[in-house]
>>> print(open('data00.txt').read())   # compact mmCIF, C-alpha atoms
# COMPACT_ATOMS: atom_id res chain seq x y z
CA MET A 211 0.00 0.00 0.00
CA SER A 212 1.12 3.57 -0.61
CA LEU A 213 0.07 6.87 0.90
CA MET A 214 -1.13 9.11 -1.94
CA GLY A 215 -2.49 12.02 0.05
CA GLU A 216 -6.10 12.96 0.81
CA LEU A 217 -8.72 10.73 -0.82
CA GLN A 218 -10.32 12.50 -3.77
CA PHE A 219 -11.35 9.79 -6.24
CA PHE A 220 -12.18 6.13 -5.69
CA LEU A 221 -14.04 3.69 -7.97
CA GLY A 222 -16.02 6.45 -9.64
CA LEU A 223 -16.74 8.27 -6.37
CA GLN A 224 -15.47 11.84 -6.08
CA ILE A 225 -14.80 13.02 -2.52
CA LYS A 226 -14.40 16.59 -1.34
CA GLN A 227 -13.31 16.93 2.28
CA GLY A 228 -13.43 20.08 4.37
CA LEU A 229 -13.67 21.26 7.94
CA GLU A 230 -17.47 21.37 7.80
CA GLY A 231 -17.92 17.91 6.31
CA THR A 232 -17.50 15.64 3.31
CA PHE A 233 -19.25 15.80 -0.06
CA VAL A 234 -19.42 12.59 -2.12
CA HIS A 235 -20.65 12.66 -5.72
CA GLN A 236 -20.29 10.92 -9.10
CA ALA A 237 -20.40 13.85 -11.51
CA LYS A 238 -17.67 12.45 -13.78
CA TYR A 239 -19.32 9.01 -13.83
CA THR A 240 -22.69 10.61 -14.63
CA LYS A 241 -21.25 12.47 -17.60
CA ASP A 242 -19.44 9.31 -18.73
CA ILE A 243 -22.60 7.19 -18.87
CA LEU A 244 -24.51 9.98 -20.62
CA ARG A 245 -21.81 9.92 -23.26
CA LYS A 246 -21.57 6.11 -23.32
CA PHE A 247 -25.26 5.64 -24.10
CA ASP A 248 -25.41 8.66 -26.41
CA LYS A 249 -27.71 10.63 -24.10
CA GLY A 250 -25.67 13.81 -23.91
CA ASP A 251 -27.98 15.81 -26.19
CA LEU A 252 -31.21 15.01 -24.37
CA LYS A 253 -33.52 17.74 -23.15
CA PRO A 254 -33.09 18.07 -19.34
CA MET A 255 -35.98 17.22 -17.00
CA ALA A 256 -36.45 18.24 -13.36
CA THR A 257 -37.69 14.85 -12.09
CA PRO A 258 -36.59 11.27 -12.90
CA MET A 259 -40.12 9.97 -13.49
CA SER A 260 -43.49 11.42 -14.41
CA THR A 261 -46.31 11.10 -11.88
CA GLN A 262 -48.52 9.90 -14.75
CA MET A 263 -46.20 7.02 -15.62
CA ALA A 264 -47.39 3.52 -14.70
CA LEU A 265 -45.12 0.80 -16.07
CA ASP A 266 -46.35 -2.72 -16.74
CA ALA A 267 -45.19 -5.68 -18.84
CA ASP A 268 -46.45 -3.98 -22.05
CA GLU A 269 -46.47 -7.32 -23.90
CA GLU A 270 -47.84 -5.69 -27.07
CA GLY A 271 -45.12 -3.04 -27.09
CA GLU A 272 -42.08 -2.89 -29.35
CA VAL A 273 -39.20 -5.10 -28.18
CA VAL A 274 -35.88 -3.26 -27.60
CA ASP A 275 -32.28 -4.43 -27.33
CA GLN A 276 -32.07 -6.36 -24.07
CA ARG A 277 -28.27 -6.04 -23.82
CA GLU A 278 -28.36 -2.26 -24.12
CA TYR A 279 -31.24 -2.00 -21.66
CA ARG A 280 -29.46 -4.12 -19.07
CA GLY A 281 -26.29 -2.09 -19.58
CA MET A 282 -28.15 1.14 -18.86
CA ILE A 283 -29.81 -0.32 -15.76
CA GLY A 284 -26.50 -1.63 -14.43
CA SER A 285 -24.81 1.73 -14.91
CA LEU A 286 -27.67 3.56 -13.21
CA LEU A 287 -27.72 1.14 -10.27
CA TYR A 288 -24.08 1.96 -9.55
CA LEU A 289 -24.96 5.65 -9.62
CA THR A 290 -27.52 5.13 -6.81
CA ALA A 291 -24.54 4.81 -4.43
CA THR A 292 -24.63 8.63 -4.12
CA ARG A 293 -27.99 9.42 -5.74
CA PRO A 294 -30.90 8.16 -3.59
CA ASP A 295 -33.14 10.52 -5.58
CA ILE A 296 -33.10 8.09 -8.55
CA GLN A 297 -33.34 4.89 -6.46
CA PHE A 298 -37.06 4.29 -7.00
CA ALA A 299 -37.08 5.08 -10.72
CA VAL A 300 -34.07 2.84 -11.45
CA CYS A 301 -35.37 -0.07 -9.35
CA LEU A 302 -38.77 0.15 -11.06
CA CYS A 303 -37.20 0.01 -14.52
CA ALA A 304 -34.94 -2.85 -13.40
CA ARG A 305 -38.00 -5.09 -12.95
CA PHE A 306 -38.39 -5.33 -16.74
CA GLN A 307 -34.90 -6.47 -17.72
CA ALA A 308 -36.10 -9.93 -18.79
CA SER A 309 -38.22 -8.55 -21.63
CA PRO A 310 -37.74 -4.78 -22.07
CA ARG A 311 -40.10 -2.85 -24.31
CA LEU A 312 -40.04 0.60 -25.84
CA SER A 313 -42.09 2.05 -22.97
CA HIS A 314 -39.51 0.78 -20.49
CA ARG A 315 -36.63 2.29 -22.45
CA GLN A 316 -38.52 5.60 -22.57
CA ALA A 317 -38.74 5.49 -18.75
CA VAL A 318 -34.97 4.91 -18.55
CA LYS A 319 -34.47 7.77 -21.01
CA ARG A 320 -36.41 10.02 -18.64
CA ILE A 321 -33.92 9.15 -15.87
CA PHE A 322 -31.03 10.14 -18.15
CA ARG A 323 -32.80 13.42 -18.91
CA TYR A 324 -32.98 14.09 -15.18
CA LEU A 325 -29.28 13.27 -14.82
CA LYS A 326 -28.52 15.72 -17.63
CA TYR A 327 -30.33 18.33 -15.51
CA THR A 328 -28.56 17.43 -12.23
CA PRO A 329 -25.14 15.85 -12.97
CA GLU A 330 -23.37 17.50 -10.02
CA LEU A 331 -25.70 16.34 -7.24
CA GLY A 332 -24.23 14.26 -4.43
CA LEU A 333 -24.46 13.47 -0.71
CA TRP A 334 -23.34 15.80 2.05
CA PHE A 335 -22.02 14.36 5.34
CA SER A 336 -21.69 17.05 7.99
CA SER A 337 -18.84 16.85 10.50
CA ALA A 338 -21.11 18.49 13.08
CA SER A 339 -23.65 15.65 12.86
CA LEU A 340 -24.57 13.90 16.11
CA LEU A 341 -24.12 10.14 16.34
CA SER A 342 -27.78 9.18 16.70
CA LEU A 343 -29.74 6.69 14.60
CA ARG A 344 -33.20 7.16 13.14
CA GLY A 345 -35.14 5.56 10.31
CA TYR A 346 -38.12 6.24 8.05
CA SER A 347 -40.35 3.67 6.37
CA ASP A 348 -43.23 3.93 3.92
CA ALA A 349 -45.05 1.80 1.36
CA ASP A 350 -47.04 2.31 -1.82
CA PHE A 351 -49.98 -0.10 -1.49
CA ALA A 352 -50.38 -2.43 -4.51
CA GLY A 353 -48.06 -0.19 -6.52
CA CYS A 354 -46.84 -2.99 -8.82
CA ARG A 355 -49.21 -3.29 -11.79
CA LEU A 356 -47.93 -6.78 -12.64
CA GLU A 357 -48.49 -8.61 -9.36
CA ARG A 358 -50.28 -5.96 -7.27
CA LYS A 359 -47.52 -6.18 -4.69
CA SER A 360 -46.64 -3.11 -2.65
CA THR A 361 -43.34 -1.23 -2.77
CA SER A 362 -41.42 -0.66 0.46
CA GLY A 363 -39.26 2.41 0.88
CA THR A 364 -36.88 2.83 3.81
CA CYS A 365 -34.01 5.16 4.74
CA GLN A 366 -31.73 5.50 7.74
CA PHE A 367 -29.82 8.48 9.14
CA LEU A 368 -26.79 8.70 11.38
CA GLY A 369 -27.36 12.11 12.87
CA SER A 370 -28.12 14.40 9.93
CA SER A 371 -26.25 12.18 7.44
CA HIS A 372 -28.19 9.92 5.12
CA VAL A 373 -26.31 6.61 5.19
CA SER A 374 -28.67 3.86 3.99
CA TRP A 375 -31.76 3.57 1.78
CA SER A 376 -33.76 1.04 -0.22
CA SER A 377 -36.71 0.75 -2.60
CA ARG A 378 -37.96 -2.80 -2.92
CA LYS A 379 -41.03 -4.69 -4.05
CA GLN A 380 -42.49 -6.67 -1.16
CA SER A 381 -42.28 -10.46 -1.36
CA SER A 382 -45.96 -11.03 -0.53
CA ILE A 383 -49.20 -9.33 -1.53
CA ALA A 384 -50.54 -7.05 1.18
CA THR A 385 -54.31 -6.90 1.55
CA SER A 386 -54.41 -3.42 3.08
CA THR A 387 -52.41 -0.23 3.33
CA THR A 388 -51.84 -0.95 7.01
CA GLU A 389 -50.30 -4.34 6.24
CA ALA A 390 -48.09 -2.90 3.50
CA LYS A 391 -46.75 -0.16 5.78
CA TYR A 392 -46.30 -2.61 8.66
CA ILE A 393 -44.17 -4.87 6.45
CA ALA A 394 -42.12 -1.85 5.31
CA ALA A 395 -41.58 -0.83 8.95
CA ALA A 396 -40.40 -4.38 9.76
CA SER A 397 -37.87 -4.15 6.93
CA CYS A 398 -36.61 -0.80 8.23
CA CYS A 399 -36.38 -2.21 11.75
CA SER A 400 -34.23 -5.08 10.49
CA GLN A 401 -31.80 -2.63 8.86
CA GLN A 402 -31.67 -0.47 11.97
CA LEU A 403 -30.81 -3.45 14.15
CA TRP A 404 -28.00 -4.43 11.76
CA MET A 405 -26.62 -0.88 11.86
CA LYS A 406 -26.89 -0.87 15.66
CA SER A 407 -24.90 -4.10 15.81
CA THR A 408 -22.25 -2.78 13.40
CA LEU A 409 -21.85 0.53 15.25
CA SER A 410 -21.49 -1.32 18.56
CA ASP A 411 -18.09 -2.51 17.27
CA PHE A 412 -17.04 1.16 17.40
CA GLY A 413 -18.16 1.53 20.99
CA LEU A 414 -21.52 3.16 20.19
CA SER A 415 -24.74 2.01 21.83
CA PHE A 416 -28.34 2.95 21.07
CA ARG A 417 -31.66 2.42 22.82
CA LYS A 418 -35.14 3.12 21.48
CA ILE A 419 -34.00 3.98 17.96
CA PRO A 420 -36.72 6.19 16.40
CA LEU A 421 -38.57 4.61 13.47
CA LEU A 422 -40.88 7.14 11.84
CA VAL A 423 -44.04 5.85 10.14
CA ASP A 424 -46.90 7.90 8.68
CA SER A 425 -49.57 5.27 9.41
CA THR A 426 -51.16 5.32 12.85
CA SER A 427 -52.83 1.98 12.06
CA ALA A 428 -49.48 0.25 11.40
CA ILE A 429 -48.10 1.69 14.66
CA SER A 430 -51.16 0.42 16.53
CA VAL A 431 -50.67 -3.09 15.13
CA ALA A 432 -47.08 -3.13 16.38
CA LYS A 433 -48.04 -1.86 19.82
CA ASN A 434 -51.10 -4.09 20.24
CA PRO A 435 -50.15 -7.41 21.93
CA VAL A 436 -53.47 -9.04 20.95
CA LEU A 437 -53.60 -10.75 17.53
CA HIS A 438 -57.18 -9.94 16.66
CA SER A 439 -58.94 -10.80 13.39
CA ARG A 440 -57.65 -7.73 11.57
CA THR A 441 -53.97 -8.61 12.00
CA LYS A 442 -53.67 -12.39 12.24
CA HIS A 443 -53.30 -12.68 8.45
CA ILE A 444 -50.03 -10.74 8.55
CA ASP A 445 -47.19 -13.20 8.22
CA VAL A 446 -45.67 -14.08 11.58
CA ARG A 447 -42.14 -13.29 10.37
CA PHE A 448 -42.98 -9.59 10.33
CA HIS A 449 -44.12 -9.54 13.94
CA PHE A 450 -40.56 -9.28 15.17
CA LEU A 451 -41.19 -5.53 14.79
CA ARG A 452 -43.56 -5.75 17.76
CA ASP A 453 -41.05 -7.90 19.64
CA HIS A 454 -38.25 -5.34 19.29
CA TYR A 455 -40.60 -2.50 20.16
CA GLU A 456 -41.48 -4.26 23.41
CA LYS A 457 -37.80 -4.89 24.13
CA GLY A 458 -37.09 -1.18 23.75
CA ASP A 459 -34.75 -1.56 20.75
CA ILE A 460 -36.88 0.76 18.61
CA ASP A 461 -39.48 3.43 19.21
CA LEU A 462 -42.32 3.76 16.70
CA ILE A 463 -43.16 7.42 16.09
CA HIS A 464 -45.86 8.88 13.88
CA VAL A 465 -44.79 11.41 11.26
CA GLU A 466 -46.98 13.50 8.98
CA THR A 467 -47.11 12.33 5.37
CA GLU A 468 -45.53 15.53 4.04
CA ASN A 469 -42.51 14.90 6.32
CA GLN A 470 -42.19 11.20 5.47
CA LEU A 471 -38.78 11.10 3.78
CA ALA A 472 -39.17 7.48 2.66
CA ASP A 473 -42.02 8.54 0.37
CA ILE A 474 -39.47 9.33 -2.35
CA PHE A 475 -38.56 5.61 -2.51
CA THR A 476 -42.10 4.32 -3.11
CA LYS A 477 -43.64 6.23 -6.04
CA PRO A 478 -43.16 9.09 -8.53
CA LEU A 479 -43.67 12.53 -7.01
CA ASP A 480 -44.39 15.97 -8.43
CA LEU A 481 -41.56 18.49 -8.61
CA SER A 482 -42.24 20.48 -5.44
CA ILE A 483 -42.53 17.44 -3.15
CA PHE A 484 -39.66 15.65 -4.88
CA ALA A 485 -37.30 18.62 -4.54
CA HIS A 486 -38.22 19.06 -0.86
CA LEU A 487 -37.61 15.41 0.04
CA ARG A 488 -34.42 15.28 -2.02
CA GLY A 489 -33.03 18.18 -0.01
CA GLU A 490 -34.05 16.58 3.29
CA LEU A 491 -32.14 13.43 2.30
CA GLY A 492 -28.93 15.44 2.04
CA VAL A 493 -28.75 15.32 -1.77
CA CYS A 494 -27.37 18.68 -2.84
CA TYR A 495 -24.92 20.51 -5.08
CA PRO A 496 -21.25 20.91 -4.04
CA PHE A 497 -20.43 23.84 -1.78
>>> encode(input="data00.txt", output="structure tokens")
Amino acid sequence: MSLMGELQFFLGLQIKQGLEGTFVHQAKYTKDILRKFDKGDLKPMATPMSTQMALDADEEGEVVDQREYRGMIGSLLYLTATRPDIQFAVCLCARFQASPRLSHRQAVKRIFRYLKYTPELGLWFSSASLLSLRGYSDADFAGCRLERKSTSGTCQFLGSSHVSWSSRKQSSIATSTTEAKYIAAASCCSQQLWMKSTLSDFGLSFRKIPLLVDSTSAISVAKNPVLHSRTKHIDVRFHFLRDHYEKGDIDLIHVETENQLADIFTKPLDLSIFAHLRGELGVCYPF
């Protein structure tokens, strides 16, 4: 190994370090993939996905080059390392890699148009951030038009720094919004417990880690020790959320929908809401 000075570039990640914090971005990589897939002349767009867009299998649509489509998805997935604002759009398009159609490629093209508009965006990690954990979870009930499964969105913060996020289709079909959001909260809880375990190796300990959910019904299910008829259909593997709440590992807190940061990982949003949540996640331009 050799000491080459302050870290500035690593595997496509560009790092700017200062007294106030660290800014991590992939501006060069973004411009490289725009050039690689011949998207450099596209008209810029302010959001990665239209609120009117609803992708499905589109079996009657025109078939497109599967190799090119998979290449674009793979490149975009690597970009999500510093761009949580495109996580949902990329993961949604990734579901159609087996048989991509023209409508799916148009959705990917929209993501590239957004990247053309915001190539310099990255994540800011403040040096003044407190070492406290908190998480957000949300779900878009029956958002998948193929299987009617819901989409879970979760994100975790270490102080004011956004350190972990996911947008994932749930493995089972939820029969209510409450169930979908309960399953998403269980997923977020699992990630928080893993982070708690990892940070304990550095001498940090946490109790009652806040988990913010915008569904009072899902919170009530977790806090209710009685499995009545309205909740017994929820798979038992998700009830560990209640178990860890009772142990005091997490604390379920209600948050208003407009302040639910995980909403950006579950569905397309209009510009004003999208821009607000993007800023709250710590995605910004370099200082």
>>> residues_around(input="data00.txt", residues="A:Ala308", least_positions_apart="6", cutoff="12 Å", atoms="all atoms listed in the file", output="number ranges by chain")
A: 267, 269, 273-277, 279-280, 283, 314
>>> closest_residue(input="data00.txt", among="A:Met263, A:Leu333, A:Leu287, A:Ile225", to="A:Ser374", atoms="all atoms listed in the file")
A:Leu333
>>> residues_around(input="data00.txt", residues="A:Gln227", least_positions_apart="3", cutoff="10 Å", atoms="all atoms listed in the file", output="list in words")
Glu216, Leu217, Gln218, Glu230, Gly231, Thr232, Phe233, Val234, Phe335 and Ser337 of chain A
>>> atom_distance(input="data00.txt", atom1="atom CA of A:Ser309", atom2="atom CA of A:Arg378")
19.6 Å
>>> closest_residue(input="data00.txt", among="A:Leu312, A:Leu244, A:Leu451, A:Leu341", to="A:Gly271", atoms="all atoms listed in the file")
A:Leu312
>>> atom_distance(input="data00.txt", atom1="atom CA of A:Leu471", atom2="atom CA of A:Leu487")
5.8 Å
>>> atom_distance(input="data00.txt", atom1="atom CA of A:Glu272", atom2="atom CA of A:Arg305")
17.0 Å
>>> closest_residue(input="data00.txt", among="A:Ile474, A:Glu490, A:Ile419, A:Asp348", to="A:Lys457", atoms="only C-alpha atoms")
A:Ile419
>>> closest_atom_pairs(input="data00.txt", of="stretch 468-491 of chain A", to="stretch 389-394 of chain A", cutoff="12 Å", atoms="only C-alpha atoms", output="CSV")
residue,atom,partner,partner_atom,distance
A:Ala472,CA,A:Ala394,CA,10.1
A:Asp473,CA,A:Lys391,CA,11.3
A:Phe475,CA,A:Ala394,CA,11.4
A:Thr476,CA,A:Ala394,CA,10.4
>>> residues_around(input="data00.txt", residues="A:Ile429", least_positions_apart="6", cutoff="9 Å", atoms="all atoms listed in the file", output="list in words")
Thr388, Tyr392, Val423, Leu462, Ile463 and His464 of chain A
>>> residues_around(input="data00.txt", residues="A:His486", least_positions_apart="3", cutoff="10 Å", atoms="all atoms listed in the file", output="ChimeraX atom specification")
/A:468-469,471,474,481-483,489-491
>>> closest_residue(input="data00.txt", among="A:Val493, A:Ile383, A:Leu252, A:Val446", to="A:Ala291", atoms="all atoms listed in the file")
A:Val493
>>> closest_residue(input="data00.txt", among="A:Asp453, A:Glu330, A:Glu466, A:Asp251", to="A:Cys494", atoms="all atoms listed in the file")
A:Glu330
>>> closest_residue(input="data00.txt", among="A:Pro478, A:Gly458, A:Pro420, A:Gly492", to="A:Ser371", atoms="only C-alpha atoms")
A:Gly492
>>> decode(input="data00.txt", residues="stretch 385-398 of chain A", atoms="all heavy atoms", output="CSV table (one decimal), in the first residue's frame")
chain,number,residue,atom,x,y,z
A,385,THR,N,-52.9,-7.1,1.8
A,385,THR,CA,-54.3,-6.9,1.5
A,385,THR,C,-54.9,-5.6,2.1
A,385,THR,O,-56.0,-5.3,2.0
A,385,THR,CB,-55.1,-8.0,2.2
A,385,THR,OG1,-54.8,-8.1,3.6
A,385,THR,CG2,-54.7,-9.4,1.6
A,386,SER,N,-54.0,-4.7,2.6
A,386,SER,CA,-54.4,-3.4,3.1
A,386,SER,C,-53.2,-2.5,3.1
A,386,SER,O,-52.1,-2.9,3.2
A,386,SER,CB,-55.1,-3.5,4.5
A,386,SER,OG,-54.1,-3.9,5.4
A,387,THR,N,-53.5,-1.2,3.2
A,387,THR,CA,-52.4,-0.2,3.3
A,387,THR,C,-51.7,-0.4,4.7
A,387,THR,O,-50.5,-0.3,4.7
A,387,THR,CB,-53.0,1.2,3.3
A,387,THR,OG1,-53.6,1.4,2.0
A,387,THR,CG2,-51.9,2.2,3.4
A,388,THR,N,-52.4,-0.7,5.7
A,388,THR,CA,-51.8,-0.9,7.0
A,388,THR,C,-50.8,-2.1,7.0
A,388,THR,O,-49.7,-2.0,7.5
A,388,THR,CB,-52.9,-1.3,8.1
A,388,THR,OG1,-53.8,-0.2,8.2
A,388,THR,CG2,-52.3,-1.6,9.4
A,389,GLU,N,-51.2,-3.2,6.3
A,389,GLU,CA,-50.3,-4.3,6.2
A,389,GLU,C,-49.0,-4.0,5.4
A,389,GLU,O,-47.9,-4.3,5.8
A,389,GLU,CB,-51.0,-5.5,5.6
A,389,GLU,CG,-50.1,-6.8,5.5
A,389,GLU,CD,-50.9,-7.9,4.8
A,389,GLU,OE1,-52.1,-7.8,4.6
A,389,GLU,OE2,-50.2,-9.0,4.6
A,390,ALA,N,-49.2,-3.3,4.3
A,390,ALA,CA,-48.1,-2.9,3.5
A,390,ALA,C,-47.1,-2.0,4.3
A,390,ALA,O,-45.9,-2.2,4.2
A,390,ALA,CB,-48.6,-2.2,2.2
A,391,LYS,N,-47.6,-1.1,5.0
A,391,LYS,CA,-46.8,-0.2,5.8
A,391,LYS,C,-46.1,-0.9,7.0
A,391,LYS,O,-45.0,-0.5,7.4
A,391,LYS,CB,-47.5,1.1,6.2
A,391,LYS,CG,-48.0,1.9,5.0
A,391,LYS,CD,-48.3,3.3,5.3
A,391,LYS,CE,-48.6,4.1,4.0
A,391,LYS,NZ,-48.6,5.6,4.2
A,392,TYR,N,-46.8,-1.8,7.5
A,392,TYR,CA,-46.3,-2.6,8.7
A,392,TYR,C,-45.1,-3.4,8.2
A,392,TYR,O,-44.1,-3.5,8.9
A,392,TYR,CB,-47.4,-3.5,9.2
A,392,TYR,CG,-47.0,-4.3,10.5
A,392,TYR,CD1,-47.1,-3.7,11.7
A,392,TYR,CD2,-46.5,-5.5,10.4
A,392,TYR,CE1,-46.7,-4.4,12.9
A,392,TYR,CE2,-46.1,-6.2,11.5
A,392,TYR,CZ,-46.2,-5.7,12.8
A,392,TYR,OH,-45.8,-6.4,13.9
A,393,ILE,N,-45.3,-4.1,7.0
A,393,ILE,CA,-44.2,-4.9,6.4
A,393,ILE,C,-43.0,-4.0,6.1
A,393,ILE,O,-41.8,-4.4,6.4
A,393,ILE,CB,-44.7,-5.6,5.2
A,393,ILE,CG1,-45.7,-6.7,5.6
A,393,ILE,CG2,-43.5,-6.2,4.4
A,393,ILE,CD1,-46.4,-7.3,4.4
A,394,ALA,N,-43.2,-2.8,5.6
A,394,ALA,CA,-42.1,-1.9,5.3
A,394,ALA,C,-41.4,-1.4,6.6
A,394,ALA,O,-40.2,-1.4,6.6
A,394,ALA,CB,-42.7,-0.6,4.6
A,395,ALA,N,-42.2,-1.2,7.7
A,395,ALA,CA,-41.6,-0.8,9.0
A,395,ALA,C,-40.7,-2.0,9.5
A,395,ALA,O,-39.7,-1.7,10.1
A,395,ALA,CB,-42.7,-0.4,9.9
A,396,ALA,N,-41.2,-3.2,9.3
A,396,ALA,CA,-40.4,-4.4,9.8
A,396,ALA,C,-39.1,-4.5,9.0
A,396,ALA,O,-38.0,-4.8,9.6
A,396,ALA,CB,-41.2,-5.7,9.5
A,397,SER,N,-39.1,-4.2,7.7
A,397,SER,CA,-37.9,-4.1,6.9
A,397,SER,C,-36.9,-3.1,7.4
A,397,SER,O,-35.7,-3.3,7.5
A,397,SER,CB,-38.2,-3.9,5.5
A,397,SER,OG,-37.0,-3.8,4.7
A,398,CYS,N,-37.4,-1.9,7.7
A,398,CYS,CA,-36.6,-0.8,8.2
A,398,CYS,C,-36.0,-1.2,9.6
A,398,CYS,O,-34.9,-0.9,9.9
A,398,CYS,CB,-37.4,0.5,8.3
A,398,CYS,SG,-36.5,1.9,8.8
